[in-house]
Every structure is written in C-alpha cells, then in structure tokens.
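Peer 1: The structure follows.
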2 protein chains.
Amino acid sequence: MIRNEDVLGMLPELDRALMPLERSQVLDGMRVRAYRKNEQIYKEGDSPTKMLCLISGKVKIYKDGVGGRSQIVRVINAVECFGYRAAFSDENYVTAAAAFEQSVIASIPMNLIFQIIRRNPQLACFFVRRLAIALGRSDARTVNLTQKHIRGRLAESILFLKESYGTAQDGCSLNACLSREDMASLSNMTTSNAIRTLSLFAQEKLISLDGRKIKILDEAALQKISKMG
Amino acid sequence: MIRNEDVLGMLPELDRALMPLERSQVLDGMRVRAYRKNEQIYKEGDSPTKMLCLISGKVKIYKDGVGGRSQIVRVINAVECFGYRAAFSDENYVTAAAAFEQSVIASIPMNLIFQIIRRNPQLACFFVRRLAIALGRSDARTVNLTQKHIRGRLAESILFLKESYGTAQDGCSLNACLSREDMASLSNMTTSNAIRTLSLFAQEKLISLDGRKIKILDEAALQKISKMG
DNA sequence: ACCAAAAGATGTTATTTAACACAAAAAAGT
DNA sequence: ACTTTTTTGTGTTAAATAACATCTTTTGGT
C-alpha cells in the first residue's frame, strides 16, 4: 500500500514548489486509487474537480471524434500529473482518459491547487512549464497526423511510444504494449491499416512483432520514414 | 503613434496582474513595431527572447511540415499576447508567425517576464490560463483536422474564422480576408481543393464570395457540415 | 499604362486510404 | 473444456483527395 507521503516523493518538481503548510494540505486532500486495464478515468464533459497524478501504469488521453472514432492526443507515463488543463481554462473536460494497463493514480482537489497557486508562484510556474511543453507537442502532433502518410504516421507513433514509455533492458522492445486498435487511434488510421502497415514494417525488418510486443530493429530507417512523411 | 502606456491599457488582464514597479519595468522594456502584410514575425528554430502582443492586425501561427506544406495551428487577434510558449518550455520556436495583414506588435523581453513571474503568482496564473485554453483548442484542432472530410474541415475553418476574428456590422461578412492558400493551410487541404470547395459552398448558398471576402449565409448548415465531418 | 508575377479557377488523372467482407487466432466468460 | 466474444490478419472495392495541367484574373512593380 502506498502512502500519500510517498506520492509527493515521486513528484520532486511539485514537492519542491510547496511550502510546509501547503504540503500538508496536499497530503491531507490526496486520495489514491487503482484502475483496471482499459478502465476510464474521466470522460468528455465531466467536471474537472481533481488533478491526477499517475503513480504507476500507463494512461491515454483521447477524444472521441466523428462517428465515435477515437483519437489519442497524448499519453501519460508515471510519475506525471494530468487532468488539470480543463480546470485551469474553466471548462469541462474536452478529452477522456483511460488506463492502457493496470494503473495507480493519486488525486488532489483542484480547489486546493487553485488556493495554493494564488500565493505560490513556484507552483504556478510548474503548471506554466508543463502546459507549455504539452502545447508544443500538441501542435507538432497536429501537423504530423495531418501531413504524413500512413507509413510516416505509424513510424512516428512507434518512435513516440519509445520516447514516451521507453524500452526494456534490450533497448529496443517497447515498454508499451498497445492493442492494434490503440496503435490505430494513436496514428490516425483504421485498425486494418495499422495491422497491415505493422506487418509490412515487420516484413521489411524495421521492427519485429510478437503479439503486442514491438521491437525496434532499425530505428534510423523508422526516423527516415517518419520524417519523409 | 502608440505609447507603451496605451499598450498595457489594451491588455487589462495583464495590466491588473502587475505591481507598480513591475509595471514600470514592463513599460520600460517594451518595444513596438509595425509589420507589413505577410511579413514573418519569427520562424521555427528562432530563440524566443521576447513575448509579443498583437496591438492591431491579424497574425497566424503555423508550421512548415512535410514538403514545405504549411499548416496554420492557431490564429491571433488583437489585443492578445503570443510567442511565449517556447520560452516557457525552454525550447526554440517550433512554429513560425506571420502577419495576415498590416499589424502592430509590442514586445516585452522574456527575461523580464521570467523575473516578474518568479514573485508574482497573478502573472503566472495569467499564463497558466492562456496556455490551458490554447492546449484545449489545439487538441480539438488535431481531431477536427484529422477526422473530418474536406467539406467538414472547410466549414469548420469558416466558423473558426468567425469565432476568432468576428464579422463586419452585417453579422455575416468575416473580418478576416485570407488568401485561398491560407484557407487551405488552415483547413489542411490543397489550395485547389480549398478553391473548389469554397465555390461549392457558394453554389449551395451556404456562403457568398467576393474575392477574399466570405459572407456566411447559412451558419446552421455550416455547423451541421462541420459536425458531421 | 504596361509587364511580370502571383493568385484564383477548373477539369482530369493517379494515389491514398477508408470501408467492407471474411477468416483465423486468441482471450474471456461460463 | 466449451462457447462466445474480441482481436488480429488479409484481400477487395469504393471513395476521398492530392497531384497535375492549363487558363484566367488580379495584383504589384516600374
């Protein structure tokens, strides 16, 4: 069982920003719960009353678009905060979040965050920085998903997963094991095309496949395919 | 000629956040200059040393993607700050900015902003809010541009321009007069298809065209087309 | 006022990708 | 262990859109 104290220890950037009183308020308001694989954490339209911190596991942030087709806009890796954007812009969630795999998530009331942030510029700067990074990535993603062809988008997604979740000790087996459907919503294509293109990449010895496990065999070639579009 | 003092008056949200000393530092460091139509303000890779405030005119933030194809990721309307994201995430610009039309832009050194923000949570919260809004829009844009078909994307862009820049007194002539090429990079399509689809919309009496001037005739129908994809 | 260059318009073709159909394999429930 | 459901894999067809070619109109420069 994880204690609230431990959670803050895993978030040094956040922890350092807090004054002793604020810290104890945060510890006091914090709740921790586990989510099963594929369980939804919040959905579009929900009111963002809590900020979330992924303690362990993997999470996707996605939007259900035209015809229920789902598009993953961002992925979260432990230990990282998420689910605070909508609260700061005073909207309901415009995205949904779900666990790729069994995950443990801490939550802190946004009320408390608002209260602290009003007097604590360090905490505010923490969010400025996180949001600025996310916005840059989102803009890059917009262009990648719209301008690249299928092969480019899939290559990009594979590299994106490596960057986001890293690899096993061998340095090439992706830690993230997504379903073909999730690979498709990450790459903006149909599931059929994700399956087909993954097979092609495997045939071309760019990757190897073992169920959902993806091993990168020729990263330079993937980079090139991703870059060329 | 505009005085620095006037600029702050046009940015009440920013102005209110500043203490008297900070305010005078900002006024002192502020520079104002005019940009010609289509002039570039910054480009990808530039170092973000200044925050910018659009005093008058219209600005596009865009990325040059695969094969030099340009994609507008966001548009700026007067009076609004921009060009600060990259500085906050400690990167060089990953986008470029250019003036749609003759524009006047004030700049404030980011150094100064960093210095103030360290002690002034109100200013930090100003940026948190702006970034949170921009990130929500960017995520929505990703899905709109990737999942909708040409007609849906163009309808969406027309409504987006209305929302961003408003209309003339008649309530339906868009204030923004973009080239067909800009309409295309806003809607993620080729210039030919932007021209063609605009003509179709005009034939269908959804809009009327007079050179670059777009008049919305049937907003409900555009909403529907945009929503259906 | 003239010329050159850029922007706008339109038709045709080729390519890309989604949609569909179906089969095999794997996973989950009973 | 069996059935049902979900996921994965593959081929085919149809639709959407980019690419290209050509022409006209407009704009900007001198």
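Letters A, B, ... go to the chains of the structure tokens in the order shown; residues in each chain start at 1; ligands are counted from 1 in the same order.
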Provide as a ChimeraX atom specification the residues of chain A at most 8 Å from chain B, counting only C-alpha atoms.

Peer 2: /A:63,65-66,71,73,85-86,88-89,94,117-122,124-125,127-136,138-148,188,227-229

Peer 1: Counting only C-alpha atoms (C1' of nucleotides), which residues from chain C have an atom at most 12 Å from any atom of chain A, and could you show them as an mmCIF file with C-alpha atoms (C1' of nucleotides), in the first residue's frame?

Peer 2:
data_model
loop_
_atom_site.group_PDB
_atom_site.id
_atom_site.type_symbol
_atom_site.label_atom_id
_atom_site.label_comp_id
_atom_site.auth_asym_id
_atom_site.auth_seq_id
_atom_site.Cartn_x
_atom_site.Cartn_y
_atom_site.Cartn_z
ATOM 1 C "C1'" DT C 15 -2.787 7.738 -55.424
ATOM 2 C "C1'" DT C 16 -4.021 7.030 -50.919
ATOM 3 C "C1'" DT C 17 -6.795 5.331 -47.639
ATOM 4 C "C1'" DA C 18 -11.247 4.034 -45.698
ATOM 5 C "C1'" DA C 19 -14.823 0.678 -45.909
ATOM 6 C "C1'" DC C 20 -16.226 -3.774 -46.235
ATOM 7 C "C1'" DA C 25 -6.424 -16.903 -33.741
ATOM 8 C "C1'" DA C 26 -6.562 -15.529 -29.110
#

Peer 1: Residues of chain D no more than 9 Å from chain A, counting only C-alpha atoms (C1' of nucleotides): send them over as an MDAnalysis selection string.

Peer 2: chainID D and resid 7:10

Peer 1: Report as a PyMOL selection string all protein, DNA and RNA residues lying within 8 Å of Glu156 in chain A, evaluated on only C-alpha atoms (C1' of nucleotides), omitting residues in the same chain fewer than 5 positions from it.

Peer 2: chain A and resi 187+222-223+226

Peer 1: Output N, CA and C atoms of each residue in that selection to a file, as an mmCIF file, in the first residue's frame.

Peer 2:
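Contents of out.cif, freshly written:
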data_model
loop_
_atom_site.group_PDB
_atom_site.id
_atom_site.type_symbol
_atom_site.label_atom_id
_atom_site.label_comp_id
_atom_site.auth_asym_id
_atom_site.auth_seq_id
_atom_site.Cartn_x
_atom_site.Cartn_y
_atom_site.Cartn_z
ATOM 1 N N SER A 187 -2.217 6.676 -34.381
ATOM 2 C CA SER A 187 -1.630 7.037 -35.670
ATOM 3 C C SER A 187 -2.641 7.598 -36.651
ATOM 4 N N LEU A 222 13.209 3.983 -39.425
ATOM 5 C CA LEU A 222 11.919 4.495 -38.948
ATOM 6 C C LEU A 222 11.941 6.025 -38.884
ATOM 7 N N GLN A 223 13.040 6.565 -38.395
ATOM 8 C CA GLN A 223 13.189 8.022 -38.327
ATOM 9 C C GLN A 223 13.018 8.622 -39.710
ATOM 10 N N SER A 226 9.461 8.383 -40.891
ATOM 11 C CA SER A 226 8.648 9.347 -40.156
ATOM 12 C C SER A 226 8.883 10.760 -40.679
#

Peer 1: How many Å separate CA of Val59 in chain B from CA of Glu219 in chain B?

Peer 2: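 Rounded to one decimal, the two atoms are 24.6 Å apart.
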